[in-house]
Amino acid sequence: MSEPHRRLPLLRLAWRNAHRSVRRTALTASAVTVAAAALVFGQAYVRGTLGNMVDTYARTESGHVRVRREGFTTRERSLPTHLSVPGAAALARELSGLPGVRAALPRVRAFALVDGAGANRPGLLLGLDLALERDYWRPQAMVASGRLPLAGRAEVLAGEGIARRLGVGVGDSLTLLVQTAHRSLGGLRLVVTGLGRSGMPFLDNAMLIVPLDQAQGMLDLEGGATELLVYGADAGEADALAGAVRRVVENRISGGAEVRSWREQSQLMRLMASAGAAMGVVWALMLLMAGLVVVNTMLMAVMERTREFGTQAALGMRRGDVVRLVVAEGAVIGALGGAVGAAVGSAVALYLGRVGIDFSGFARAIALPFDPIVYPAWSWADALGSVVLGSAAAGLAALVPGWRAARLQPAEALRT
Amino acid sequence: MTSTRMTVGLVALALACARAGSAQVTAREVLERLDANMTIRTVRMRAELIVHYRGGDDRTMTFESWERGTDQSFLEFTSPARDAGSRFLRQGDAMWIYLPRVGKSVRIQGHMLRQGFMGSDFSYGDASENPSMANDYDAVIERRDTVDGRQVVVLSLTARRPNLSYSRRRTWVDTERWVPLREELFAASGRLLKTMTLSDVRRLADRWYPFRIELDDALQTETTTTFRVLEMRLGVAVPSEVFTLRYLESGR
Amino acid sequence: MSGEIPPVVTERVVGRVGAALTARLAWRNLRRNRRRTWITATTVALAVLMLQLQVSTTIGIERQSMDNLIGYQTGHAKVLAAGYFAEREELPLDRALTHVESLRRRVEAVPGVAATAARVVFAAQLSDGRDQVPCTGIGIDVAGGETDVFRIQQAITVGVFLKADEPGLLVGGGLAELFGVQPGGWLTVVAKTRHGAYEALELPVVGLVGTGNPDIDRMSFFVPIGTARRMLLMDGAATEISVRFGRGAREGATLGRVRGALAAETGVEVQGWRDLEQEFLVFAQLERVAHGIFVAIFVLLGVVGVANTVLLAAFERTREIGMLMALGMRGTGIQRVFILEGALLGLVGAGVGSLLALVLMVPYATIGLDLSALYGEVDIGYPVKDRIYGALSAGALGVVWLLTAALSAVASLYPALRASRQRPAEALRHV
């Protein structure tokens, strides 16, 4: 009996079939669920880790765009204060008015000789605008005991390591000696208001965080700073931002200016791109695995429905349609499984994204700009993508059982 | 430096003049006369320290100082304004620095000793050492020469004890005025480390003193330093309190 | 079926089903549906492949890092003068070991110790006449054990190694870059002798080193120990004696023996490399956790695959299970069969995956992966340079393999339970 060819309402049928046996559907979908959850959470985790690295690096070292005096970076080994950015504070205010600029922060970085309780040792002086840096350097997150210094006061947050070696604690005094911007000798006596823990040993053994004005005074910077960090809304806009900053800064710094976007400052970008590619391979593998499981389960399902397929074939359903139907079923189940998986993965990612995964128990990376707490970065694109990919993988996987089903001869089928 | 030594020196000087032109002086004698001339009992000085940078900048500071013998010195910077009030004290081997904005004295030791005094080419470590040439070095006369029209004896000095910073020196001594006109400081291997050029020699009471010293570090070209005496008075009474920490910190 | 089965048959089926029978049943079941078995096995194989490669990478890079730390900086242990370790940042020359040779002999006599070498480490400045840079000088005993304990010569990027009696400089790459100096150039080393006098030596640069460790590459240079000793007036003294343990030697035990051998010496202390490189160990641990999370996800997927298959099998063979139960086979027996099926799936799949991994690991371990081509000059945190090598460890391979089999068995627990919970009558009715 031949019927006029009509278009099968594939999706509707597939949907209905999927709901016929919840158990079967669940079995098939389970693998896709795990893969999707893994994909969503895994991407969030990797993005969180790498993003963490980039973020920490941008916050503490490079900014999105960094302005320095020309020549400072080649001599960075000795942090020459005389090669500073004059009028950095004023420049910062001007730059923060530019479109796309969220913040422009002057910072001071210099070596200091620290004298405390008899011995002296070298330390790293960090002058920060403690109010503005709350969202950037985040010194408040580093306070292990005591409190942050207050602007205008001769106070310091000392790294735990250096404080211990000097034999000082909260409430004690430290004397700092520095070479000023005029290459003269400067210094200041400071009260330790708190001890800091950054999670990075090289910092904890050297850092001395003081209010920016104190550092400027100590180093005779007169409103200047050793570097100016500019932040936009997103690290991705850094290059464009650099251009804008360069135009403003161009002839304003005597001795020449060095303006670099964060990309130019490090190879981190390359690392991220490679990591991204590697992750792609990993996820493909996972989807392959899920697909294999789907093949298994759907084959069994097809076998169970031999009679049904046989009947359909006898009624004139064409082979192509059988295949398409089974593929559609696969896709639907994949989408369902993917949705559940994406939901689970998203839930975990979002929760941990707020709470953070704290590695500081196992502690500290060597010299990597690494925050010990990782916040997975969930993205709806990943969630959506995992559903789509899950559906596609399952659909593709369903080709095999689909062909199997299509090859069933009606007579055989009905005989079962 | 005691007055006895000065007397001896004067006597030797007199004798030498009496026998002018006859016997040659030995290296040791040269050193002794050098020491005699250069070592001062007490002195009050006003001087300039100029650091020249490779890029072409100069940085000038002036200070006032009191010195007693070779072991005690006190120094206070008077200009520029940012350096004014910075003080330095040396008592034997120990050195302290005081910056008004620090408000407390800091002992110079360890890491800091290698650094230049106020960023100059004179290191703190060098300042803490004030060797007596005659006692601390063995000398040999290399040759006689002329520098800027003056007769000099070129001495080659070797350290007598191992803990002197500069194991070898070469000094061009002006044999009329007993003033070094040039000094080269060497490492034990003989590698040149620093060169000093002394000039603008003026008479001061019974002695001669170079009013200008240029110091060049042979290992780097980033800086050279000039030291210029503006005013110098010998034999002043220097109260002992000057060489105390209290004076260092309070100025009184 | 009624109870008309001859007692003989019943006897054979009722009662405890032996292990051999269970195994045969499980194996036969797997073979019955080849395609399903192989598909599942492939899923597991893929998971195990990833796992093995990750484990290989982690072990490999840790080994490389430790090799580098031990091979370039610390040896397995250091003998130091008492009080030196506490002041080690000052590099004090006055806290030095004096009777070096007798100490060395004493230590080398300890079973487990392969070699010792003396070093003189000192604070110095390097100068090219234009600029002066503070750094660390390391005097190495080229003829007296340095090459038996350390392998600096393998880190040479340009030029040649030092010769025992020829004054020369081996400069860290980063340091050399500051001066723009290459082998053939000259640099002046300035340091203070033990007593405090300046010494400066002009030395020819014979080579540059790149170890991956910034402490060396950017901050240090090497000279023959004789040059350092003469320069610093150290006589025969040394600031440290580094010790390398033998290949098969057990670290903890050997360290203890070395300490014991020197216990009588009052002016001496021994530090193991783990005490000296705490920071690295903590970092490696951190990385392991991070990698572990990642790998766990794969394992989970593989486990799901196995559970899935066993569950499928359970549903498919409901009838057969029913029959077995009617014949008296107890629930536990049925469970065991399914669990074993799962375990076998895992075993086979993991075996295939491990074999595949092995094939990939051989070039990975021998040729390695060139990181600098991928990442450029980024500091990845491990003190390794440019190439990383996977580890070819039979132990790791075996452990992962067996562990996967075990996990597969665990994954089959629930399906097996479901299978065995079916009532015989219902099962038999199932079509």
# chains A, B, ... in the order shown; residues from 1 in each chain; ligands from 1

$ residues_around --residues "Leu174 in chain A" --least-positions-apart "3" --cutoff "10 Å" --atoms "only C-alpha atoms" --output "compact mmCIF listing (two decimals) with C-alpha atoms, in the first residue's frame"
# COMPACT_ATOMS: atom_id res chain seq x y z
CA VAL A 114 63.48 47.72 56.58
CA ASP A 115 64.80 48.14 60.05
CA GLY A 116 62.93 46.60 62.90
CA ALA A 117 64.02 45.18 66.24
CA ASN A 120 67.53 45.11 58.70
CA GLU A 155 50.93 52.94 58.86
CA VAL A 156 51.85 49.74 57.09
CA ALA A 158 53.47 44.06 56.49
CA ALA A 163 57.23 40.62 59.84
CA LEU A 166 62.04 41.10 61.62
CA VAL A 168 57.64 42.53 64.70
CA GLY A 169 53.91 42.24 65.12
CA GLY A 171 51.46 47.58 66.94
CA LEU A 177 64.83 53.62 54.17
CA LEU A 188 59.71 56.89 57.23
CA ARG A 189 58.83 55.29 60.49
CA LEU A 190 55.61 53.36 60.28
CA VAL A 191 53.35 51.56 62.66
CA VAL A 192 52.38 48.03 61.70
CA VAL B 102 62.05 59.08 60.03

$ closest_atom_pairs --of "chain B" --to "chain C" --cutoff "7 Å" --atoms "only C-alpha atoms" --output "JSON lines"
{"residue": "B:Pro162", "atom": "CA", "partner": "C:His195", "partner_atom": "CA", "distance": 5.9}
{"residue": "B:Asn163", "atom": "CA", "partner": "C:His195", "partner_atom": "CA", "distance": 4.7}
{"residue": "B:Leu164", "atom": "CA", "partner": "C:Ala197", "partner_atom": "CA", "distance": 5.2}
{"residue": "B:Ser165", "atom": "CA", "partner": "C:Ala197", "partner_atom": "CA", "distance": 3.8}
{"residue": "B:Tyr166", "atom": "CA", "partner": "C:Ala197", "partner_atom": "CA", "distance": 5.8}
{"residue": "B:Ser167", "atom": "CA", "partner": "C:Ala197", "partner_atom": "CA", "distance": 6.4}
{"residue": "B:Ala187", "atom": "CA", "partner": "C:Glu199", "partner_atom": "CA", "distance": 4.5}
{"residue": "B:Ala188", "atom": "CA", "partner": "C:Glu199", "partner_atom": "CA", "distance": 5.3}
{"residue": "B:Ser189", "atom": "CA", "partner": "C:Glu199", "partner_atom": "CA", "distance": 6.4}
{"residue": "B:Arg191", "atom": "CA", "partner": "C:Ala200", "partner_atom": "CA", "distance": 6.0}
{"residue": "B:Ala218", "atom": "CA", "partner": "C:Gly129", "partner_atom": "CA", "distance": 6.5}
{"residue": "B:Leu219", "atom": "CA", "partner": "C:Gly129", "partner_atom": "CA", "distance": 4.4}
{"residue": "B:Gln220", "atom": "CA", "partner": "C:Arg130", "partner_atom": "CA", "distance": 4.3}
{"residue": "B:Thr221", "atom": "CA", "partner": "C:Arg130", "partner_atom": "CA", "distance": 4.8}
{"residue": "B:Glu222", "atom": "CA", "partner": "C:Asp131", "partner_atom": "CA", "distance": 6.8}

$ write_last_selection --atoms "N, CA and C atoms" --output "PDB file, in the first residue's frame"
ATOM      1  N   PRO B 162      94.214  41.524  56.389  1.00  0.00           N
ATOM      2  CA  PRO B 162      93.298  41.050  55.351  1.00  0.00           C
ATOM      3  C   PRO B 162      91.909  41.668  55.360  1.00  0.00           C
ATOM      4  N   ASN B 163      91.580  42.415  56.409  1.00  0.00           N
ATOM      5  CA  ASN B 163      90.216  42.904  56.462  1.00  0.00           C
ATOM      6  C   ASN B 163      90.068  44.349  55.988  1.00  0.00           C
ATOM      7  N   LEU B 164      91.090  44.866  55.343  1.00  0.00           N
ATOM      8  CA  LEU B 164      90.954  46.182  54.741  1.00  0.00           C
ATOM      9  C   LEU B 164      90.219  46.038  53.424  1.00  0.00           C
ATOM     10  N   SER B 165      89.289  46.929  53.147  1.00  0.00           N
ATOM     11  CA  SER B 165      88.496  46.828  51.928  1.00  0.00           C
ATOM     12  C   SER B 165      89.350  46.783  50.678  1.00  0.00           C
ATOM     13  N   TYR B 166      90.338  47.653  50.624  1.00  0.00           N
ATOM     14  CA  TYR B 166      91.172  47.725  49.429  1.00  0.00           C
ATOM     15  C   TYR B 166      92.551  47.169  49.723  1.00  0.00           C
ATOM     16  N   SER B 167      92.814  46.016  49.143  1.00  0.00           N
ATOM     17  CA  SER B 167      94.070  45.347  49.434  1.00  0.00           C
ATOM     18  C   SER B 167      95.260  46.073  48.833  1.00  0.00           C
ATOM     19  N   ALA B 187      91.395  45.902  43.959  1.00  0.00           N
ATOM     20  CA  ALA B 187      91.052  44.653  44.627  1.00  0.00           C
ATOM     21  C   ALA B 187      92.327  43.844  44.776  1.00  0.00           C
ATOM     22  N   ALA B 188      92.252  42.771  45.514  1.00  0.00           N
ATOM     23  CA  ALA B 188      93.446  41.966  45.767  1.00  0.00           C
ATOM     24  C   ALA B 188      94.105  41.484  44.480  1.00  0.00           C
ATOM     25  N   SER B 189      93.279  41.243  43.482  1.00  0.00           N
ATOM     26  CA  SER B 189      93.815  40.738  42.224  1.00  0.00           C
ATOM     27  C   SER B 189      94.548  41.814  41.448  1.00  0.00           C
ATOM     28  N   ARG B 191      92.832  44.403  40.227  1.00  0.00           N
ATOM     29  CA  ARG B 191      91.811  45.021  39.380  1.00  0.00           C
ATOM     30  C   ARG B 191      91.445  46.397  39.955  1.00  0.00           C
ATOM     31  N   ALA B 218      85.261  52.358  38.900  1.00  0.00           N
ATOM     32  CA  ALA B 218      85.672  51.765  37.631  1.00  0.00           C
ATOM     33  C   ALA B 218      84.720  50.693  37.118  1.00  0.00           C
ATOM     34  N   LEU B 219      83.810  50.231  37.966  1.00  0.00           N
ATOM     35  CA  LEU B 219      82.956  49.116  37.564  1.00  0.00           C
ATOM     36  C   LEU B 219      81.621  49.553  36.988  1.00  0.00           C
ATOM     37  N   GLN B 220      81.333  50.834  37.084  1.00  0.00           N
ATOM     38  CA  GLN B 220      80.081  51.286  36.492  1.00  0.00           C
ATOM     39  C   GLN B 220      80.233  52.736  36.051  1.00  0.00           C
ATOM     40  N   THR B 221      79.477  53.054  35.031  1.00  0.00           N
ATOM     41  CA  THR B 221      79.550  54.426  34.516  1.00  0.00           C
ATOM     42  C   THR B 221      78.288  55.203  34.836  1.00  0.00           C
ATOM     43  N   GLU B 222      77.469  54.623  35.659  1.00  0.00           N
ATOM     44  CA  GLU B 222      76.204  55.297  35.987  1.00  0.00           C
ATOM     45  C   GLU B 222      76.448  56.592  36.753  1.00  0.00           C
TER      46      GLU B 222
END

$ closest_atom_pairs --of "range 285-331 of chain A" --to "range 35-58 of chain C" --cutoff "8 Å" --atoms "only C-alpha atoms" --output "CSV"
residue,atom,partner,partner_atom,distance
A:Leu285,CA,C:Leu46,CA,7.5
A:Met289,CA,C:Thr43,CA,5.0
A:Ala290,CA,C:Thr43,CA,7.8
A:Leu292,CA,C:Ile39,CA,6.0
A:Val293,CA,C:Thr40,CA,6.6
A:Val295,CA,C:Ile39,CA,7.9
A:Asn296,CA,C:Arg36,CA,5.6

$ closest_atom_pairs --of "chain C" --to "chain A" --cutoff "9 Å" --atoms "only C-alpha atoms" --output "CSV"
residue,atom,partner,partner_atom,distance
C:Arg35,CA,A:Asn296,CA,8.0
C:Arg36,CA,A:Asn296,CA,5.6
C:Thr37,CA,A:Asn296,CA,8.8
C:Ile39,CA,A:Leu292,CA,6.0
C:Thr40,CA,A:Val293,CA,6.6
C:Thr42,CA,A:Leu292,CA,7.8
C:Thr43,CA,A:Met289,CA,5.0
C:Val44,CA,A:Met289,CA,8.1
C:Leu46,CA,A:Met289,CA,7.0
C:Ala47,CA,A:Met289,CA,7.9
C:Met50,CA,A:Val282,CA,8.4
C:Leu178,CA,A:Thr74,CA,8.7
C:Glu279,CA,A:Ile366,CA,6.8
C:Phe280,CA,A:Ile366,CA,7.0
C:Val282,CA,A:Phe362,CA,6.4
C:Phe283,CA,A:Ala365,CA,5.1
C:Ala284,CA,A:Ala365,CA,8.5
C:Gln285,CA,A:Phe362,CA,6.8
C:Leu286,CA,A:Phe362,CA,5.6
C:Glu287,CA,A:Ala365,CA,8.8
C:Val289,CA,A:Phe359,CA,8.5
C:Ala290,CA,A:Phe359,CA,8.7
C:Phe294,CA,A:Gly42,CA,7.3
C:Ile297,CA,A:Ala38,CA,6.2
C:Phe298,CA,A:Met286,CA,7.4
C:Leu300,CA,A:Val34,CA,7.7
C:Leu301,CA,A:Val34,CA,6.1
C:Gly302,CA,A:Met289,CA,7.7
C:Val304,CA,A:Ala31,CA,6.3
C:Gly305,CA,A:Val293,CA,5.8
C:Val306,CA,A:Val293,CA,8.7
C:Asn308,CA,A:Leu27,CA,6.3
C:Thr309,CA,A:Asn296,CA,7.4
C:Leu311,CA,A:Leu27,CA,8.2
C:Leu312,CA,A:Thr297,CA,7.0
C:Glu316,CA,A:Met300,CA,8.1
C:Leu374,CA,A:Ser274,CA,6.6
C:Tyr375,CA,A:Leu271,CA,5.2
C:Gly376,CA,A:Gln267,CA,6.6
C:Glu377,CA,A:Gln267,CA,6.6
C:Val378,CA,A:Gln267,CA,5.7
C:Asp379,CA,A:Leu368,CA,7.4
C:Ile380,CA,A:Leu368,CA,7.6
C:Gly381,CA,A:Ile366,CA,6.0
C:Tyr382,CA,A:Ile366,CA,8.3

$ residues_around --residues "Ala127 in chain B" --least-positions-apart "3" --cutoff "9 Å" --atoms "only C-alpha atoms" --output "ChimeraX atom specification"
/B:90,95,117,122-124,130

$ residues_around --residues "Pro239 in chain B" --least-positions-apart "3" --cutoff "10 Å" --atoms "only C-alpha atoms" --output "JSON, numbers by chain"
{"B": [66, 68, 236, 242, 243]}

$ write_last_selection --atoms "N, CA and C atoms" --output "mmCIF file, in the first residue's frame"
data_model
loop_
_atom_site.group_PDB
_atom_site.id
_atom_site.type_symbol
_atom_site.label_atom_id
_atom_site.label_comp_id
_atom_site.auth_asym_id
_atom_site.auth_seq_id
_atom_site.Cartn_x
_atom_site.Cartn_y
_atom_site.Cartn_z
ATOM 1 N N TRP B 66 81.708 67.620 61.725
ATOM 2 C CA TRP B 66 82.717 67.687 62.772
ATOM 3 C C TRP B 66 83.463 66.373 62.764
ATOM 4 N N ARG B 68 86.674 64.176 64.728
ATOM 5 C CA ARG B 68 87.730 64.101 65.707
ATOM 6 C C ARG B 68 88.537 62.858 65.423
ATOM 7 N N VAL B 236 89.509 73.172 65.990
ATOM 8 C CA VAL B 236 88.395 73.732 66.761
ATOM 9 C C VAL B 236 88.067 72.797 67.913
ATOM 10 N N VAL B 242 78.672 65.727 70.625
ATOM 11 C CA VAL B 242 78.332 65.696 69.194
ATOM 12 C C VAL B 242 78.322 64.269 68.661
ATOM 13 N N PHE B 243 79.204 63.454 69.202
ATOM 14 C CA PHE B 243 79.318 62.100 68.671
ATOM 15 C C PHE B 243 78.470 61.103 69.442
#

$ atom_distance --atom1 "CA of Ala36 in chain A" --atom2 "CA of Val322 in chain A"
27.2 Å

$ closest_residue --among "B:Leu155, B:Met118, B:Leu204, B:Leu49" --to "chain A" --atoms "only C-alpha atoms"
B:Met118

$ interface_residues --of "chain A" --to "chain B" --cutoff "12 Å" --atoms "only C-alpha atoms" --output "PyMOL selection string"
chain A and resi 71+82-83+112-123+154+173-191+214+217-222+255

$ write_last_selection --atoms "C-alpha atoms" --output "mmCIF file, in the first residue's frame"
data_model
loop_
_atom_site.group_PDB
_atom_site.id
_atom_site.type_symbol
_atom_site.label_atom_id
_atom_site.label_comp_id
_atom_site.auth_asym_id
_atom_site.auth_seq_id
_atom_site.Cartn_x
_atom_site.Cartn_y
_atom_site.Cartn_z
ATOM 1 C CA GLY A 71 63.258 52.993 30.771
ATOM 2 C CA HIS A 82 63.799 58.365 39.714
ATOM 3 C CA LEU A 83 62.203 56.978 36.576
ATOM 4 C CA ALA A 112 63.103 49.612 50.861
ATOM 5 C CA LEU A 113 65.514 48.691 53.575
ATOM 6 C CA VAL A 114 63.477 47.723 56.579
ATOM 7 C CA ASP A 115 64.800 48.140 60.053
ATOM 8 C CA GLY A 116 62.929 46.602 62.905
ATOM 9 C CA ALA A 117 64.019 45.182 66.239
ATOM 10 C CA GLY A 118 67.685 45.371 65.409
ATOM 11 C CA ALA A 119 68.134 43.654 62.095
ATOM 12 C CA ASN A 120 67.529 45.113 58.703
ATOM 13 C CA ARG A 121 66.450 43.409 55.530
ATOM 14 C CA PRO A 122 65.250 44.359 52.075
ATOM 15 C CA GLY A 123 61.526 44.721 51.510
ATOM 16 C CA ALA A 154 52.163 56.508 58.728
ATOM 17 C CA SER A 173 57.154 50.113 64.494
ATOM 18 C CA LEU A 174 59.227 49.697 61.399
ATOM 19 C CA THR A 175 61.685 52.102 59.851
ATOM 20 C CA LEU A 176 61.922 52.145 56.108
ATOM 21 C CA LEU A 177 64.827 53.617 54.174
ATOM 22 C CA VAL A 178 64.417 54.222 50.483
ATOM 23 C CA GLN A 179 66.092 55.870 47.569
ATOM 24 C CA THR A 180 63.876 58.761 46.548
ATOM 25 C CA ALA A 181 62.898 60.006 43.143
ATOM 26 C CA HIS A 182 65.770 62.468 43.402
ATOM 27 C CA ARG A 183 68.086 59.585 44.184
ATOM 28 C CA SER A 184 68.497 60.860 47.646
ATOM 29 C CA LEU A 185 67.888 59.031 50.870
ATOM 30 C CA GLY A 186 64.391 59.003 52.216
ATOM 31 C CA GLY A 187 62.579 57.111 54.831
ATOM 32 C CA LEU A 188 59.712 56.892 57.233
ATOM 33 C CA ARG A 189 58.828 55.291 60.487
ATOM 34 C CA LEU A 190 55.609 53.363 60.280
ATOM 35 C CA VAL A 191 53.345 51.558 62.658
ATOM 36 C CA GLN A 214 52.862 58.022 52.489
ATOM 37 C CA GLY A 217 56.046 61.476 50.583
ATOM 38 C CA MET A 218 58.756 59.006 51.454
ATOM 39 C CA LEU A 219 60.019 58.888 47.907
ATOM 40 C CA ASP A 220 59.642 62.595 47.129
ATOM 41 C CA LEU A 221 57.307 61.749 44.309
ATOM 42 C CA GLU A 222 55.234 64.906 44.686
ATOM 43 C CA GLY A 255 61.519 61.474 29.537
#

$ residues_around --residues "Val107 in chain C" --least-positions-apart "5" --cutoff "10 Å" --atoms "only C-alpha atoms" --output "short mmCIF file (atom, residue, chain, number, x, y, z; two decimals) with C-alpha atoms, in the first residue's frame"
data_model
loop_
_atom_site.label_atom_id
_atom_site.label_comp_id
_atom_site.auth_asym_id
_atom_site.auth_seq_id
_atom_site.Cartn_x
_atom_site.Cartn_y
_atom_site.Cartn_z
CA VAL C 79 75.61 19.53 54.82
CA GLU C 101 87.32 16.48 52.66
CA SER C 102 86.92 14.48 55.84
CA GLY C 112 72.84 4.88 50.01
CA VAL C 113 75.02 7.88 49.25
CA ALA C 114 76.31 7.99 45.72
CA ALA C 115 78.40 11.16 45.68
CA THR C 116 79.13 14.43 47.41
CA ILE C 241 78.46 20.03 50.78
CA VAL C 243 74.89 14.99 48.67
CA ARG C 257 71.82 7.69 58.15
CA VAL C 258 73.70 10.74 56.92
CA ARG C 259 72.48 12.69 59.92
CA GLY C 260 73.53 9.85 62.13
CA ALA C 261 76.98 9.68 60.61
CA LEU C 262 77.51 13.37 61.31
#

$ residues_around --residues "range 379-391 of chain A" --least-positions-apart "6" --cutoff "6 Å" --atoms "only C-alpha atoms" --output "list in words"
Val32, Ala36, Val40, Ala331, Gly334, Ala335, Gly338, Ala339 and Ala342 of chain A

$ write_last_selection --atoms "C-alpha atoms" --output "CSV table (one decimal), in the first residue's frame"
chain,number,residue,atom,x,y,z
A,32,VAL,CA,24.6,13.0,28.0
A,36,ALA,CA,26.9,18.2,29.7
A,40,VAL,CA,29.4,23.3,31.8
A,331,ALA,CA,18.4,14.5,19.5
A,334,GLY,CA,20.2,14.3,24.0
A,335,ALA,CA,18.6,17.7,24.5
A,338,GLY,CA,21.8,17.9,28.1
A,339,ALA,CA,19.4,20.3,29.7
A,342,ALA,CA,23.5,21.8,32.0

$ residues_around --residues "range 266-268 of chain C" --least-positions-apart "4" --cutoff "10 Å" --atoms "only C-alpha atoms" --output "list in words"
Val79, Leu80, Ala81, Ala82, Gly83, Tyr84, Arg95, Ala96, Leu97, Thr98, Leu103, Arg259 and Leu262 of chain C

$ atom_distance --atom1 "CA of Gly48 in chain A" --atom2 "CA of Val101 in chain A"
23.7 Å

$ select_by_dssp --residues "range 3-130 of chain B" --states "strand (DSSP E)" --output "short mmCIF file (atom, residue, chain, number, x, y, z; two decimals) with C-alpha atoms, in the first residue's frame"
data_model
loop_
_atom_site.label_atom_id
_atom_site.label_comp_id
_atom_site.auth_asym_id
_atom_site.auth_seq_id
_atom_site.Cartn_x
_atom_site.Cartn_y
_atom_site.Cartn_z
CA THR B 42 89.70 68.04 65.02
CA VAL B 43 88.08 69.74 62.12
CA ARG B 44 84.90 71.52 61.33
CA MET B 45 83.98 71.58 57.67
CA ARG B 46 81.37 72.77 55.26
CA ALA B 47 81.40 70.90 51.99
CA GLU B 48 79.57 69.96 48.86
CA LEU B 49 78.85 66.49 47.54
CA ILE B 50 77.93 66.35 43.86
CA VAL B 51 76.79 63.18 42.13
CA HIS B 52 77.02 63.21 38.33
CA TYR B 53 74.73 60.82 36.50
CA ASP B 58 73.82 66.42 38.61
CA ARG B 59 72.75 66.32 42.19
CA THR B 60 74.37 68.68 44.68
CA MET B 61 74.18 68.47 48.47
CA THR B 62 75.93 70.52 51.09
CA PHE B 63 76.71 69.51 54.61
CA GLU B 64 78.52 70.50 57.75
CA SER B 65 80.67 68.12 59.64
CA TRP B 66 82.72 67.69 62.77
CA GLU B 67 85.50 65.21 62.96
CA ARG B 68 87.73 64.10 65.71
CA GLN B 72 84.64 59.99 65.14
CA SER B 73 82.68 62.02 62.72
CA PHE B 74 79.36 63.73 62.59
CA LEU B 75 77.73 65.13 59.54
CA GLU B 76 74.59 67.11 58.88
CA PHE B 77 73.21 68.03 55.50
CA THR B 78 72.08 71.59 55.01
CA SER B 79 70.87 71.67 51.46
CA ARG B 87 72.55 63.33 59.81
CA PHE B 88 75.24 60.74 59.95
CA LEU B 89 77.32 59.57 62.87
CA ARG B 90 80.37 57.38 62.99
CA GLN B 91 81.89 56.01 66.15
CA ALA B 94 79.61 51.70 63.99
CA MET B 95 77.60 54.04 61.82
CA TRP B 96 74.17 55.48 62.14
CA ILE B 97 71.99 57.54 59.94
CA TYR B 98 69.20 59.86 60.93
CA SER B 105 68.31 56.71 64.02
CA VAL B 106 69.03 53.62 61.99
CA ARG B 107 72.19 51.59 62.35
#

$ atom_distance --atom1 "CA of Trp262 in chain A" --atom2 "CA of Gly173 in chain C"
24.7 Å
